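Please read the structure below before turning to the comments.
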Amino acid sequence: MIDTKLVERASVKLAIEKRDGRSQKYDPLKIRNALIQAVQKSNLPYLKETIEQITSEVDDIIEQNKPASIDTSLIDEYVLQRLHSHQMNDLAESYVQRRIEKENIRKNSRDINQKIDQLLDKDPTVVNENANKDSNVFNTQRDLTAGSVGKTIGLRMLPPHVANAHEKGEIHYHDLDYTPYAPMTNCCLIDFKTMFEEGFEIGNAEVESPRSIQTAAAQTAQIIANVASSQYGGCSFDRVDEVLAPYAQLNYEKNLQTAQEWIDGADRQRQFAVEKTKKDIYDAMQSLEYEINTLYTSQGQTPFTTLGFGLGTSWLEREIQSSILKIRIKGLGKEKRTAIFPKLVFTLKRGVNLEAKDPNYDIKQLALECSTKRMYPDVLSYDKLVELTGSFKVPMGCRSFLQSWQDEDGNEVTSGRMNLGVVTLNLPRIAIEADGDFDKFYGLLDERLAVMKDALIFKAKRTMEARPENAPILYLHGAFGQKLKTTDEVAKLFLNKRATASLGYIGLYEVAAAFYGKAWEDNPEAKNFTLDVSRILKAKADKWGDETNIHFSVYSTPSESLTDRFCRLDHEKFGAIEEITDKGYYTNSFHYDVRKAPTPFEKIDFEKVYAPYTSGGFIHYCEYPKLQTNPKALEAVWDYAYDRVGYLGTNTPIDHCYECNFDGDFNPTEHGFECPNCGNTNPETCDVVKRTCGYLGNPQKRPMVEGRHEEISSRKKHMKGFDAN
């Protein structure tokens, strides 16, 4: 049992002067936890009662002295005094050693040589941090080397308390390999429409408005490559079918003119022009698919690109939609492998494609076939998304959503806007430290959110230090919606809540498990607790936005490497805690426990209440068995989700073995995935595709961090009691 006196003393308003300069509320339970860690570190045989006694004695010394404030080093001195007085010299040595190791970890995280050594030693937490990067190729290795330097310098640039919180694992300051070393932005919706209409520049070339669908597709790839090299996050092409349709119309007009020269009869001329234009569209979309998958950015990775489509109803727009889907279904190369990029997002809308009576219902059927065979497209529910975010738009990258925003003339603006970056809060750490005390949990949450605010404001302000010439494609040539002058401040594109910065979070499942146990999903009190936490995050973000004129949004962090990092650090600090650190990973954002098997409908109903509090970024998934022969089952879920969630992904087995021709789910192993039929693990002769977080990855070719591998291996299918009919 916890000493009740220690709990009571934790509420005393004594200030602790931290090493990073912060002043923090005194909590004697942290002394106890430090002693427990020292015991665990050296496998010493001390009982819990002994630890409680030493903690109580140190607390008594502090209480007797009644200082207004006290620093961490003095507390350490008191602890060592009591340990030596009890002849616990071995524990005192372990306590000192623990402190030295913690200090060394802090120093090493800012030591460039140490970081380069980790890279040369192929430390999996470094080389496998991003499943979209192949650390075996030279340009990725160069980027990882530059990133190691960027991280060490970035940590020195951060406010000391923010850097300390990041290093300890209380928060995660994302993308330290790029920012704050450089004042780069994160992800964006590129303003392709205006760039095509007005022309743009790349490098030394002035690019005119395209005069065909093929040229528009080629320019799309060029813009994507340049934008992706000028920021560090994903870029999206919203309403690609509607934006490209005018250039397909130019093809039609040229083809009709050709037909009129060589073919007799108006009907035959129109038929030729239509069929030739359809082929032009297909070839252009196929070229774009290959271009994106063969590009490498300056970051050493395929551009993280999202194509949004589905709302256009003209014959040209429909043809662009169907071509995108047919090309993805066909696959890449002679082996017909699944394309990882671009991520496809198909919009469902009542009156357009949702029901059999709608004009584009046939396109929906093609999207269903594509999703059962290639996992993409994910789907947006038009009406629900407008309800959640205020206007319609596709996500930036995999899940980051902009909120509704109007310019000074009252026009709704979506494309040309961006995200300034993410900082993620380690919610399970707070629950562990609260040790069952709700008041302490909320107190710690408030403290950590104060650090999060400082981190996010610093991140946002750092982006405003960029000059337009630093990223010409973004600031001078229209990708961000306006063409600035070199003398302009880039902040004009960010302030007045035009841009967003993201307050990320992870592990609501583990938070509730810490207080209510592993079966908490069916406990209304537990779920209300998680919703209360969500409401607090949303209220804080809104308040910060009003104070700063920057839009802060709550973001369900994709947590590719973070699901591993936070859990690993907490396991090192607190040991194996059932349902929290013992699993090897933390659960993504508000998601249902991946080890449990609700129906898709139950999972959607469980998760739908969280999205209003995390509208800056979210996605829901359902796990299925093979669906290729039963697309109607998937359609039933899409239709059910339409009025309930704004964004839904499909996870279904699409792995393929070229040795034995097996199709389905490869088995997870300690070293990757293997064919369950013949045991094949060769990445050259098997195509393994898994959803790593918001996007797909090929873990055989580009391995993931251990925690993400554990999470994927733990996933259960959401088909129990599911009637596909």
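If you're wondering about the labels, chains in the structure tokens are A, B, ... by order shown, residues count from 1 in each chain, ligands from 1 in order shown.
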
Which of stretch 141-390 of chain A fall in alpha helix (DSSP H), as a PyMOL selection string: chain A and resi 141-157+160-168+192-198+213-228+240-262+266-294+315-330+361-374+382-389

If you run DSSP on this backbone, which residues of stretch 269-448 of chain A come out as strand (DSSP E or B), and could you give them as a ChimeraX atom specification? /A:301,305-309,332,337,343-348,378-381,396,400,406,412,418-426

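Distance annotation: of A:Phe552, A:Tyr95, A:Phe590, A:Phe458, the residue with the minimal separation from A:Glu521 is A:Phe590; atom set is only C-alpha atoms.
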
Write out as a ChimeraX atom specification the residues lying within 8 Å of stretch 313-315 of chain A, counting only C-alpha atoms and excluding same-chain residues fewer than 5 positions away. /A:352,359-360

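Using only C-alpha atoms, the protein and nucleic acid residues lying no more than 12 Å from A:Thr50, apart from those fewer than 4 places from it along its own chain, are Asp3, Arg32, Leu35, Ile36, Val39, Leu44, Pro45, Tyr46, Ile54, Thr55, Ser56, Glu57, Arg82, Leu83, His86, Met88 and Leu91 of chain A.
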
Same residues, C-alpha atoms, saved as a CSV table (one decimal), in the first residue's frame:
```
chain,number,residue,atom,x,y,z
A,3,ASP,CA,2.0,5.6,2.5
A,32,ARG,CA,10.0,6.6,-3.8
A,35,LEU,CA,14.5,4.3,-5.2
A,36,ILE,CA,12.4,1.6,-6.8
A,39,VAL,CA,16.5,-1.4,-6.8
A,44,LEU,CA,18.7,-5.6,-4.9
A,45,PRO,CA,16.5,-7.6,-2.5
A,46,TYR,CA,14.9,-4.7,-0.6
A,54,ILE,CA,13.4,5.8,3.4
A,55,THR,CA,11.1,7.9,1.4
A,56,SER,CA,9.2,8.9,4.5
A,57,GLU,CA,12.4,9.8,6.3
A,82,ARG,CA,19.3,8.2,4.9
A,83,LEU,CA,20.6,5.3,2.8
A,86,HIS,CA,20.7,2.5,7.4
A,88,MET,CA,22.3,0.5,2.6
A,91,LEU,CA,21.5,0.8,-2.8
```

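Shortest atom-to-atom contact with A:Leu484 among A:Asp665, A:Asp532, A:Glu335, A:Glu469: A:Glu469, counting only C-alpha atoms.
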
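Between atom CA of A:Gly312 and atom CA of A:Lys373 there is a distance of 23.8 Å.
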
Option closest in space to A:Val379, from A:Ala367, A:Phe438, A:Arg448, A:Val243 [counting only C-alpha atoms]: A:Ala367

Skip A:Ala228 itself and residues of its chain fewer than 5 positions away, then list as a PyMOL selection string all residues within 12 Å of it, counting only C-alpha atoms. chain A and resi 184-190+220-223+233-236+292+295-306+397+471+473-474+479

For A:Gln249, the closest of A:Val413, A:Asp267, A:Met157, A:Val274 counting only C-alpha atoms is A:Val274

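Take the candidates A:His709, A:Arg374, A:Lys492, A:Lys334 and check each one against A:Gln628 using only C-alpha atoms; the shortest distance goes to A:Arg374.
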
Residues near A:Ile430, anyone? I mean within 12 Å using only C-alpha atoms, not counting same-chain ones fewer than 4 positions away, as an MDAnalysis selection string. chainID A and resid 169:171 425:426 434:449 505:508 510:512 514:515 533 566 570 574 580

With a distance cut-off of 8 Å and only C-alpha atoms, select the neighbouring residues of A:Glu711, excluding the residue or stretch itself and same-chain residues fewer than 5 positions from it, and output the selection as a ChimeraX atom specification. /A:584-585,587,594

Output for the residues just chosen: N, CA, C and O atoms as a PDB file, in the first residue's frame:
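Everything below was put into selection.pdb:
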```pdb
ATOM      1  N   GLY A 584       4.791  -3.945 -24.923  1.00  0.00           N
ATOM      2  CA  GLY A 584       5.835  -3.575 -25.876  1.00  0.00           C
ATOM      3  C   GLY A 584       5.453  -2.434 -26.791  1.00  0.00           C
ATOM      4  O   GLY A 584       6.236  -2.032 -27.651  1.00  0.00           O
ATOM      5  N   TYR A 585       4.254  -1.876 -26.648  1.00  0.00           N
ATOM      6  CA  TYR A 585       3.793  -0.764 -27.472  1.00  0.00           C
ATOM      7  C   TYR A 585       2.688  -0.029 -26.730  1.00  0.00           C
ATOM      8  O   TYR A 585       2.076  -0.566 -25.798  1.00  0.00           O
ATOM      9  N   THR A 587      -0.992   2.111 -27.417  1.00  0.00           N
ATOM     10  CA  THR A 587      -2.077   2.116 -28.389  1.00  0.00           C
ATOM     11  C   THR A 587      -2.216   3.494 -29.023  1.00  0.00           C
ATOM     12  O   THR A 587      -2.166   4.522 -28.351  1.00  0.00           O
ATOM     13  N   VAL A 594      -6.195  -3.160 -29.834  1.00  0.00           N
ATOM     14  CA  VAL A 594      -6.033  -3.955 -31.056  1.00  0.00           C
ATOM     15  C   VAL A 594      -6.083  -5.451 -30.790  1.00  0.00           C
ATOM     16  O   VAL A 594      -6.286  -6.240 -31.722  1.00  0.00           O
TER      17      VAL A 594
END
```
